[in-house]
file protein-v8.txt (compact mmCIF, C-alpha atoms and all ligand atoms)
# COMPACT_ATOMS: atom_id res chain seq x y z
CA MET P 1293 15.91 22.82 32.65
CA LYS P 1294 12.14 22.46 33.14
CA PHE P 1295 9.61 21.79 30.40
CA LYS P 1296 6.21 20.25 29.66
CA ALA P 1297 5.99 16.57 28.76
CA ALA P 1298 3.29 13.89 28.42
CA VAL P 1299 3.85 11.42 31.26
CA LEU P 1300 2.45 7.87 31.35
CA ARG P 1301 2.31 6.48 34.90
CA LYS P 1302 0.45 3.25 34.17
CA SER P 1303 -0.25 1.30 30.97
CA GLY P 1304 -3.41 -0.64 30.19
CA LEU P 1305 -6.00 1.99 31.14
CA PRO P 1306 -9.29 1.40 29.32
CA HIS P 1307 -10.18 2.82 25.91
CA PRO P 1308 -11.48 5.49 25.17
CA TYR P 1309 -8.41 7.38 26.32
CA ALA P 1310 -10.23 10.71 26.14
CA ALA P 1311 -12.03 9.46 29.27
CA SER P 1312 -9.34 7.37 31.05
CA ARG P 1313 -6.58 9.95 30.23
CA PRO P 1314 -3.47 7.69 30.55
CA LEU P 1315 -1.16 10.60 29.69
CA SER P 1316 -0.93 13.75 31.77
CA ILE P 1317 0.93 16.92 30.84
CA GLU P 1318 3.46 17.56 33.61
CA THR P 1319 6.50 19.72 34.24
CA ILE P 1320 9.62 17.58 33.91
CA GLU P 1321 13.08 18.53 35.04
CA VAL P 1322 16.37 17.48 33.40
CA PRO P 1323 19.97 18.24 34.39
CA PRO P 1324 22.33 19.96 31.93
CA PRO P 1325 23.52 17.53 29.21
CA ALA P 1326 26.36 15.22 30.38
CA ALA P 1327 29.22 14.11 28.12
CA GLY P 1328 27.88 12.96 24.75
CA GLU P 1329 24.39 14.31 25.43
CA VAL P 1330 22.28 16.92 23.71
CA ILE P 1331 19.09 18.82 24.55
CA VAL P 1332 16.79 19.14 21.54
CA ALA P 1333 13.85 21.54 21.34
CA ILE P 1334 11.16 19.31 19.85
CA LYS P 1335 9.30 21.01 16.98
CA ALA P 1336 7.20 18.08 15.72
CA ALA P 1337 6.54 14.60 17.12
CA SER P 1338 4.28 12.06 15.47
CA LEU P 1339 2.23 9.23 16.91
CA CYS P 1340 3.18 5.74 15.79
CA HIS P 1341 1.51 2.40 16.46
CA SER P 1342 4.39 1.48 18.79
CA ASP P 1343 3.39 4.41 21.01
CA LEU P 1344 -0.02 2.77 21.35
CA SER P 1345 1.69 -0.44 22.50
CA VAL P 1346 3.30 1.60 25.31
CA VAL P 1347 -0.05 3.04 26.37
CA ASN P 1348 -2.12 -0.17 26.07
CA GLY P 1349 0.60 -2.33 27.66
CA ASP P 1350 1.25 -4.65 24.68
CA ARG P 1351 4.93 -3.86 25.17
CA ALA P 1352 6.24 -3.59 28.71
CA TRP P 1353 8.29 -0.51 29.59
CA PRO P 1354 9.52 0.80 32.94
CA MET P 1355 7.06 3.33 34.41
CA PRO P 1356 6.58 6.22 34.68
CA ILE P 1357 7.74 7.08 31.17
CA VAL P 1358 7.47 9.90 28.63
CA PRO P 1359 6.63 8.19 25.30
CA GLY P 1360 7.34 9.48 21.79
CA HIS P 1361 9.98 8.16 19.38
CA GLU P 1362 9.36 9.82 15.99
CA ALA P 1363 10.33 13.49 16.02
CA ALA P 1364 12.41 16.37 14.73
CA GLY P 1365 13.68 19.55 16.34
CA VAL P 1366 16.51 22.00 16.91
CA VAL P 1367 19.61 21.43 19.04
CA ALA P 1368 19.29 23.73 22.08
CA GLU P 1369 22.28 22.73 24.19
CA ILE P 1370 25.22 20.32 23.91
CA GLY P 1371 27.21 18.51 26.59
CA PRO P 1372 31.00 18.12 26.80
CA GLY P 1373 32.63 16.28 23.93
CA VAL P 1374 29.73 16.61 21.49
CA HIS P 1375 31.12 17.35 18.02
CA SER P 1376 28.56 15.99 15.55
CA VAL P 1377 25.96 18.74 16.17
CA LYS P 1378 25.92 22.29 17.54
CA PRO P 1379 23.16 24.53 18.95
CA GLY P 1380 20.82 25.65 16.17
CA ASP P 1381 21.28 22.52 14.03
CA HIS P 1382 18.07 20.86 12.83
CA VAL P 1383 17.91 17.15 13.62
CA ALA P 1384 15.76 14.06 13.14
CA LEU P 1385 15.61 11.79 16.20
CA ILE P 1386 16.25 8.06 15.89
CA PHE P 1387 14.84 5.57 18.35
CA LEU P 1388 17.77 3.19 18.51
CA THR P 1389 21.17 4.76 19.03
CA GLN P 1390 24.02 3.74 16.77
CA CYS P 1391 26.70 3.22 19.43
CA GLY P 1392 29.30 2.46 16.75
CA GLU P 1393 31.13 0.04 19.04
CA CYS P 1394 29.02 -3.11 19.52
CA GLU P 1395 29.36 -6.14 17.25
CA HIS P 1396 26.25 -5.22 15.23
CA CYS P 1397 27.30 -1.61 14.70
CA ILE P 1398 30.77 -2.77 13.67
CA GLU P 1399 29.36 -5.16 11.08
CA GLY P 1400 27.26 -2.32 9.63
CA ARG P 1401 23.90 -3.29 11.14
CA PRO P 1402 23.11 -0.43 13.57
CA SER P 1403 19.42 -1.36 13.45
CA LEU P 1404 20.43 -4.13 15.88
CA CYS P 1405 22.74 -2.00 18.10
CA ALA P 1406 23.16 -4.10 21.27
CA ARG P 1407 24.04 -1.26 23.64
CA GLY P 1408 21.21 0.89 22.30
CA THR P 1409 18.72 -1.97 22.69
CA GLN P 1410 19.81 -2.54 26.30
CA ALA P 1411 19.53 1.18 27.14
CA ASN P 1412 16.06 1.34 25.54
CA ARG P 1413 14.85 -1.67 27.55
CA GLU P 1414 16.01 -0.03 30.77
CA GLY P 1415 14.34 3.28 29.88
CA ARG P 1416 17.60 5.22 30.01
CA LEU P 1417 20.00 6.88 27.59
CA LEU P 1418 23.02 5.22 25.96
CA SER P 1419 25.10 7.62 28.04
CA GLY P 1420 23.38 6.85 31.36
CA GLY P 1421 20.33 7.94 33.31
CA PRO P 1422 17.37 7.86 33.48
CA ARG P 1423 17.69 11.61 33.80
CA LEU P 1424 14.07 12.81 33.78
CA LYS P 1425 12.52 13.89 37.10
CA LEU P 1426 8.96 14.71 38.10
CA ASP P 1427 8.60 16.14 41.61
CA GLY P 1428 11.87 14.41 42.53
CA GLN P 1429 10.71 11.00 41.18
CA THR P 1430 12.58 9.29 38.33
CA VAL P 1431 10.79 9.17 34.97
CA HIS P 1432 12.07 6.88 32.19
CA HIS P 1433 13.07 7.72 28.64
CA HIS P 1434 11.18 6.01 25.82
CA MET P 1435 13.63 4.60 23.27
CA GLY P 1436 16.23 7.12 24.29
CA LEU P 1437 14.04 10.00 23.11
CA SER P 1438 10.78 10.72 25.03
CA ALA P 1439 9.69 13.09 22.32
CA PHE P 1440 6.15 13.91 23.50
CA ALA P 1441 7.67 16.90 25.26
CA GLU P 1442 8.85 20.44 24.59
CA TYR P 1443 12.47 19.29 24.96
CA ALA P 1444 14.31 15.97 24.89
CA LEU P 1445 17.62 15.10 26.54
CA VAL P 1446 19.19 12.51 24.24
CA SER P 1447 22.47 10.85 23.33
CA GLU P 1448 24.38 12.50 20.49
CA LYS P 1449 24.10 9.08 18.82
CA SER P 1450 20.30 9.38 18.66
CA LEU P 1451 20.44 12.25 16.15
CA VAL P 1452 20.84 12.72 12.42
CA LYS P 1453 21.36 16.23 11.05
CA ILE P 1454 18.76 17.38 8.51
CA PRO P 1455 18.55 20.41 6.21
CA ASP P 1456 17.48 23.69 7.89
CA ASP P 1457 14.73 24.35 5.34
CA LEU P 1458 12.97 20.98 5.69
CA PRO P 1459 9.59 21.52 7.44
CA PHE P 1460 9.58 19.84 10.87
CA VAL P 1461 6.24 18.07 10.44
CA GLU P 1462 7.54 16.11 7.44
CA ALA P 1463 11.01 15.78 9.02
CA SER P 1464 9.54 14.04 12.06
CA LEU P 1465 8.44 11.04 9.97
CA PHE P 1466 11.87 9.96 8.75
CA GLY P 1467 13.09 8.52 12.07
CA CYS P 1468 10.43 5.80 12.30
CA ALA P 1469 7.69 5.55 9.63
CA VAL P 1470 9.93 6.22 6.63
CA MET P 1471 12.93 4.15 7.73
CA CYS P 1472 10.74 1.26 8.96
CA GLY P 1473 8.57 1.26 5.81
CA ALA P 1474 10.74 2.35 2.90
CA GLY P 1475 13.75 0.63 4.46
CA THR P 1476 11.78 -2.61 4.75
CA ALA P 1477 10.90 -2.50 1.04
CA LEU P 1478 14.38 -1.50 -0.12
CA TYR P 1479 16.72 -3.30 2.27
CA SER P 1480 14.95 -5.98 4.34
CA THR P 1481 12.86 -7.19 1.39
CA ALA P 1482 15.32 -6.07 -1.29
CA ILE P 1483 12.64 -5.80 -3.98
CA ARG P 1484 14.13 -5.95 -7.48
CA PRO P 1485 12.80 -3.91 -10.42
CA GLY P 1486 9.83 -5.66 -12.06
CA GLN P 1487 8.89 -7.78 -9.04
CA SER P 1488 5.50 -7.95 -7.34
CA VAL P 1489 4.81 -7.01 -3.72
CA ALA P 1490 1.74 -6.91 -1.50
CA VAL P 1491 1.69 -4.57 1.49
CA PHE P 1492 -0.65 -5.52 4.35
CA GLY P 1493 -1.64 -2.73 6.73
CA LEU P 1494 -1.53 0.88 5.55
CA GLY P 1495 -0.47 2.91 8.56
CA GLY P 1496 2.58 5.15 8.35
CA VAL P 1497 4.92 2.17 8.01
CA GLY P 1498 2.82 0.30 5.41
CA LEU P 1499 2.32 3.40 3.26
CA SER P 1500 6.05 4.15 3.50
CA ALA P 1501 6.64 0.56 2.35
CA VAL P 1502 4.48 1.36 -0.70
CA LEU P 1503 6.74 4.38 -1.36
CA GLY P 1504 9.82 2.16 -0.92
CA ALA P 1505 8.39 -0.41 -3.35
CA VAL P 1506 7.86 2.36 -5.93
CA THR P 1507 11.47 3.50 -5.40
CA ALA P 1508 12.68 -0.09 -5.81
CA GLY P 1509 10.88 -0.35 -9.17
CA ALA P 1510 8.27 -2.97 -8.25
CA ALA P 1511 6.01 -3.60 -11.23
CA ARG P 1512 3.03 -4.58 -9.16
CA ILE P 1513 2.27 -3.09 -5.74
CA ILE P 1514 -0.85 -4.46 -4.10
CA ALA P 1515 -2.11 -2.53 -1.08
CA VAL P 1516 -4.29 -4.35 1.46
CA ASP P 1517 -6.22 -2.66 4.29
CA PRO P 1518 -9.77 -2.52 5.71
CA SER P 1519 -9.96 1.29 5.25
CA GLN P 1520 -11.07 2.61 1.85
CA GLY P 1521 -9.48 5.99 2.64
CA LYS P 1522 -6.09 4.38 3.23
CA LEU P 1523 -6.42 2.27 0.06
CA ASP P 1524 -7.12 5.46 -1.92
CA LEU P 1525 -4.08 7.09 -0.34
CA ALA P 1526 -1.94 4.04 -1.21
CA ARG P 1527 -3.09 4.27 -4.83
CA SER P 1528 -2.12 7.95 -4.96
CA LEU P 1529 1.35 6.96 -3.67
CA GLY P 1530 1.88 4.36 -6.40
CA ALA P 1531 0.01 1.18 -5.44
CA THR P 1532 -1.16 -0.51 -8.66
CA ASP P 1533 -3.95 -2.56 -7.04
CA CYS P 1534 -5.99 -2.22 -3.86
CA ILE P 1535 -7.70 -4.97 -1.88
CA HIS P 1536 -10.15 -4.49 0.94
CA ALA P 1537 -8.85 -6.59 3.85
CA GLY P 1538 -12.25 -7.46 5.37
CA GLY P 1539 -13.76 -10.95 5.17
CA GLY P 1540 -10.56 -12.98 5.44
CA LYS P 1541 -10.16 -13.35 1.67
CA ALA P 1542 -7.30 -10.92 1.08
CA ALA P 1543 -4.62 -13.56 0.48
CA GLU P 1544 -6.83 -15.39 -2.00
CA ALA P 1545 -7.53 -12.11 -3.82
CA VAL P 1546 -3.79 -11.35 -4.06
CA ARG P 1547 -3.08 -14.85 -5.40
CA GLU P 1548 -5.84 -14.45 -8.00
CA LEU P 1549 -4.60 -11.05 -9.12
CA THR P 1550 -1.05 -12.35 -9.54
CA ARG P 1551 -1.83 -15.89 -10.76
CA GLY P 1552 -0.32 -17.72 -7.85
CA GLY P 1553 1.00 -15.09 -5.48
CA VAL P 1554 3.40 -12.19 -5.11
CA ASP P 1555 7.20 -12.37 -4.98
CA HIS P 1556 7.18 -10.49 -1.68
CA ALA P 1557 4.62 -9.68 1.00
CA ILE P 1558 5.28 -6.97 3.56
CA ASP P 1559 3.20 -7.20 6.73
CA ALA P 1560 2.79 -3.88 8.51
CA SER P 1561 -0.60 -4.73 9.98
CA SER P 1562 0.52 -5.26 13.60
CA THR P 1563 -1.84 -8.27 13.73
CA LEU P 1564 -1.31 -12.03 13.49
CA ASP P 1565 -4.11 -12.25 10.90
CA GLY P 1566 -2.37 -9.68 8.75
CA PHE P 1567 0.91 -11.58 8.96
CA SER P 1568 -0.83 -14.86 8.16
CA SER P 1569 -2.58 -13.32 5.13
CA ALA P 1570 0.69 -11.79 3.97
CA PHE P 1571 2.39 -15.20 4.19
CA GLU P 1572 -0.44 -16.91 2.29
CA SER P 1573 -0.36 -14.26 -0.45
CA THR P 1574 3.20 -15.10 -1.56
CA ARG P 1575 4.00 -17.48 -4.39
CA ARG P 1576 6.16 -20.57 -4.04
CA GLY P 1577 9.67 -19.29 -3.41
CA GLY P 1578 8.18 -16.07 -2.05
CA CYS P 1579 9.33 -13.99 0.85
CA THR P 1580 7.27 -12.56 3.73
CA VAL P 1581 8.76 -9.67 5.69
CA THR P 1582 7.06 -8.38 8.82
CA THR P 1583 7.38 -5.15 10.78
CA SER P 1584 4.51 -6.04 13.14
CA LEU P 1585 5.29 -5.68 16.84
CA THR P 1586 2.41 -7.63 18.34
CA HIS P 1587 2.07 -8.66 21.98
CA PRO P 1588 5.06 -10.94 22.80
CA SER P 1589 2.69 -13.79 23.72
CA GLN P 1590 1.35 -14.02 20.14
CA GLN P 1591 2.70 -17.08 18.31
CA PHE P 1592 2.56 -18.08 14.67
CA SER P 1593 2.92 -21.65 13.48
CA PHE P 1594 3.55 -23.01 10.01
CA SER P 1595 4.36 -26.26 8.27
CA LEU P 1596 8.13 -26.70 8.31
CA ALA P 1597 7.91 -29.02 5.29
CA ARG P 1598 6.11 -26.30 3.36
CA ILE P 1599 8.81 -23.74 4.16
CA VAL P 1600 11.41 -26.15 2.78
CA ALA P 1601 9.60 -27.71 -0.18
CA GLU P 1602 8.19 -24.37 -1.33
CA ALA P 1603 11.44 -22.52 -0.56
CA ARG P 1604 9.66 -19.81 1.41
CA THR P 1605 11.31 -17.10 3.46
CA ILE P 1606 9.94 -15.42 6.60
CA LYS P 1607 11.87 -12.42 7.82
CA GLY P 1608 11.59 -9.80 10.53
CA SER P 1609 12.52 -6.22 9.76
CA TYR P 1610 13.55 -3.76 12.47
CA ILE P 1611 14.01 -0.11 11.46
CA GLY P 1612 13.91 -1.37 7.87
CA THR P 1613 17.50 -2.64 8.22
CA CYS P 1614 18.45 1.03 7.76
CA VAL P 1615 21.68 2.82 8.59
CA PRO P 1616 20.10 6.08 9.81
CA GLY P 1617 23.07 8.35 9.08
CA ARG P 1618 23.14 7.07 5.51
CA ASP P 1619 19.46 6.55 4.79
CA ILE P 1620 17.68 9.53 6.38
CA PRO P 1621 19.62 12.03 4.19
CA ALA P 1622 18.98 9.81 1.15
CA PHE P 1623 15.24 9.55 1.82
CA ILE P 1624 15.05 13.32 2.43
CA GLN P 1625 16.63 13.88 -0.99
CA LEU P 1626 14.07 11.59 -2.63
CA TYR P 1627 11.29 13.43 -0.77
CA ARG P 1628 12.51 16.80 -2.01
CA GLN P 1629 12.65 15.53 -5.57
CA GLY P 1630 9.00 14.49 -5.25
CA ARG P 1631 9.90 10.82 -5.52
CA MET P 1632 8.99 9.87 -1.95
CA PRO P 1633 6.06 12.14 -0.97
CA VAL P 1634 6.02 11.34 2.76
CA ASP P 1635 4.09 14.55 3.49
CA LYS P 1636 0.96 12.73 2.26
CA LEU P 1637 1.16 10.47 5.32
CA VAL P 1638 0.35 13.37 7.64
CA THR P 1639 -3.40 13.39 8.10
CA ARG P 1640 -3.68 15.59 11.19
CA THR P 1641 -1.66 18.01 13.32
CA LEU P 1642 -2.44 18.69 16.98
CA THR P 1643 -1.14 20.13 20.25
CA LEU P 1644 0.48 18.19 23.12
CA GLU P 1645 -2.65 18.76 25.21
CA GLN P 1646 -4.74 16.76 22.69
CA ILE P 1647 -2.58 13.64 23.07
CA ASN P 1648 -5.11 11.36 24.81
CA GLU P 1649 -7.71 12.01 22.11
CA ALA P 1650 -5.02 11.36 19.49
CA PHE P 1651 -4.42 7.90 20.99
CA ASP P 1652 -8.13 7.15 20.49
CA GLU P 1653 -7.77 8.02 16.79
CA LEU P 1654 -4.64 5.84 16.61
CA SER P 1655 -6.40 2.98 18.32
CA ASP P 1656 -9.38 3.27 15.95
CA ALA P 1657 -6.97 3.36 12.97
CA GLU P 1658 -8.73 6.49 11.73
CA GLU P 1659 -5.61 8.49 10.92
CA VAL P 1660 -2.29 7.67 9.24
CA ARG P 1661 0.19 10.00 10.94
CA GLN P 1662 -0.93 12.52 13.54
CA VAL P 1663 1.82 15.01 14.31
CA ILE P 1664 2.08 17.04 17.50
CA VAL P 1665 3.39 20.49 16.67
CA PHE P 1666 5.23 22.59 19.27
ZN ZN D 1701 7.42 4.01 15.45
ZN ZN D 1702 25.93 -0.52 18.67

call {"tool": "encode", "arguments": {"input": "protein-v8.txt", "output": "structure tokens", "more": "lines below"}}
Ligand SMILES: [Zn+2]
Ligand SMILES: [Zn+2]
result
Amino acid sequence: MKFKAAVLRKSGLPHPYAASRPLSIETIEVPPPAAGEVIVAIKAASLCHSDLSVVNGDRAWPMPIVPGHEAAGVVAEIGPGVHSVKPGDHVALIFLTQCGECEHCIEGRPSLCARGTQANREGRLLSGGPRLKLDGQTVHHHMGLSAFAEYALVSEKSLVKIPDDLPFVEASLFGCAVMCGAGTALYSTAIRPGQSVAVFGLGGVGLSAVLGAVTAGAARIIAVDPSQGKLDLARSLGATDCIHAGGGKAAEAVRELTRGGVDHAIDASSTLDGFSSAFESTRRGGCTVTTSLTHPSQQFSFSLARIVAEARTIKGSYIGTCVPGRDIPAFIQLYRQGRMPVDKLVTRTLTLEQINEAFDELSDAEEVRQVIVF
């Protein structure tokens, strides 16, 4: 099968991307799906901060590659032995397969799936590959999906079935933003009813964390970001207080508001400063949970004695500690009941051809979620 896809040949080209054009729309070829594989017609794919890290080189991936890891679509074709989906089924794509066999999957923590992580690092599918070709040259899969394309050849284990009447634009958000944000609030942070939480960084993940904190019953939800527009959006989603992140005083402001600090801080800022402010905004005994994937060279140091004597916790959260097959259907139900209005995260829709310009918007943090519609 042949289809159009956004191909990245080289990371680290200069900003603005509208001028350097790191992504080019090319015709990609894929073989028919092998055993355990599925071809999905992509209907909506959104841009996430992690996609920017592919383009700017903060995270190293094998090149060339077709990025895109937050999407929804319709099953077009299935390979031998595929039983979980059939052509015509609507699906959300998930960026780490749940192999079901590795030690992490067996202990119920598919967000750490070892085989899926290895396949992602190598730019191939769980079932093999890489299978994408451009003029006979191998092109790598991004996180087993490569969703900035008209079609995606994926492992059956990269899919979760969704209701047929759920609009694709909203559906696309569940695989990354919603699981990473709401899951972080509900599972990685495990906010209890009545507790206080500060969320640093209000992109798709941070705003979803606000929604997760509302779902968890947090009494006080303090949103922190430099953008007034994003703070207003956070308030409309249930944040009780908003703090402008500029000037380096955000942690102090949170501590003042809460007389000593919050029970939990969630850092979704993708910056060391944001993480540091989140940490400093917690009370003694508080917990800081981060979803920030910064450049691997970035280090954070802290006083070990302070961690012990003040009984502090620092925790990383990947995919919000979610079990996609369990949590995506649950979050969709909450969305449809109006209790998790993820549609408000979508600030712009665009075509695949506008992708370089969209990366400028992402880099300037102007938009929350921009969704490519096919
Ligand atoms: Zn993402
Ligand atoms: Zn696994």

call {"tool": "residues_near_ligand", "arguments": {"input": "protein-v8.txt", "ligand": "ligand ZN 1702 (chain D)", "cutoff": "12 Å", "atoms": "all atoms listed in the file", "output": "number ranges by chain"}}
result
P: 1388-1411, 1418, 1449-1450, 1615

call {"tool": "write_last_selection", "arguments": {"input": "protein-v8.txt", "atoms": "C-alpha atoms", "output": "short mmCIF file (atom, residue, chain, number, x, y, z; two decimals), in the coordinates of the input"}}
result
data_model
loop_
_atom_site.label_atom_id
_atom_site.label_comp_id
_atom_site.auth_asym_id
_atom_site.auth_seq_id
_atom_site.Cartn_x
_atom_site.Cartn_y
_atom_site.Cartn_z
CA LEU P 1388 17.77 3.19 18.51
CA THR P 1389 21.17 4.76 19.03
CA GLN P 1390 24.02 3.74 16.77
CA CYS P 1391 26.70 3.22 19.43
CA GLY P 1392 29.30 2.46 16.75
CA GLU P 1393 31.13 0.04 19.04
CA CYS P 1394 29.02 -3.11 19.52
CA GLU P 1395 29.36 -6.14 17.25
CA HIS P 1396 26.25 -5.22 15.23
CA CYS P 1397 27.30 -1.61 14.70
CA ILE P 1398 30.77 -2.77 13.67
CA GLU P 1399 29.36 -5.16 11.08
CA GLY P 1400 27.26 -2.32 9.63
CA ARG P 1401 23.90 -3.29 11.14
CA PRO P 1402 23.11 -0.43 13.57
CA SER P 1403 19.42 -1.36 13.45
CA LEU P 1404 20.43 -4.13 15.88
CA CYS P 1405 22.74 -2.00 18.10
CA ALA P 1406 23.16 -4.10 21.27
CA ARG P 1407 24.04 -1.26 23.64
CA GLY P 1408 21.21 0.89 22.30
CA THR P 1409 18.72 -1.97 22.69
CA GLN P 1410 19.81 -2.54 26.30
CA ALA P 1411 19.53 1.18 27.14
CA LEU P 1418 23.02 5.22 25.96
CA LYS P 1449 24.10 9.08 18.82
CA SER P 1450 20.30 9.38 18.66
CA VAL P 1615 21.68 2.82 8.59
#

call {"tool": "atom_distance", "arguments": {"input": "protein-v8.txt", "atom1": "atom CA of P:Ala1477", "atom2": "atom CA of P:Cys1534"}}
result
17.6 Å

call {"tool": "residues_around", "arguments": {"input": "protein-v8.txt", "residues": "P:Asp1524", "least_positions_apart": "5", "cutoff": "10 Å", "atoms": "all atoms listed in the file", "output": "MDAnalysis selection string"}}
result
chainID P and resid 1515 1519 1529 1531 1534

call {"tool": "residues_near_ligand", "arguments": {"input": "protein-v8.txt", "ligand": "ligand ZN 1701 (chain D)", "cutoff": "7 Å", "atoms": "all atoms listed in the file", "output": "PyMOL selection string"}}
result
chain P and resi 1340-1343+1361-1362+1468-1469

call {"tool": "atom_distance", "arguments": {"input": "protein-v8.txt", "atom1": "atom CA of P:Gln1429", "atom2": "atom CA of P:Val1330"}}
result
21.8 Å
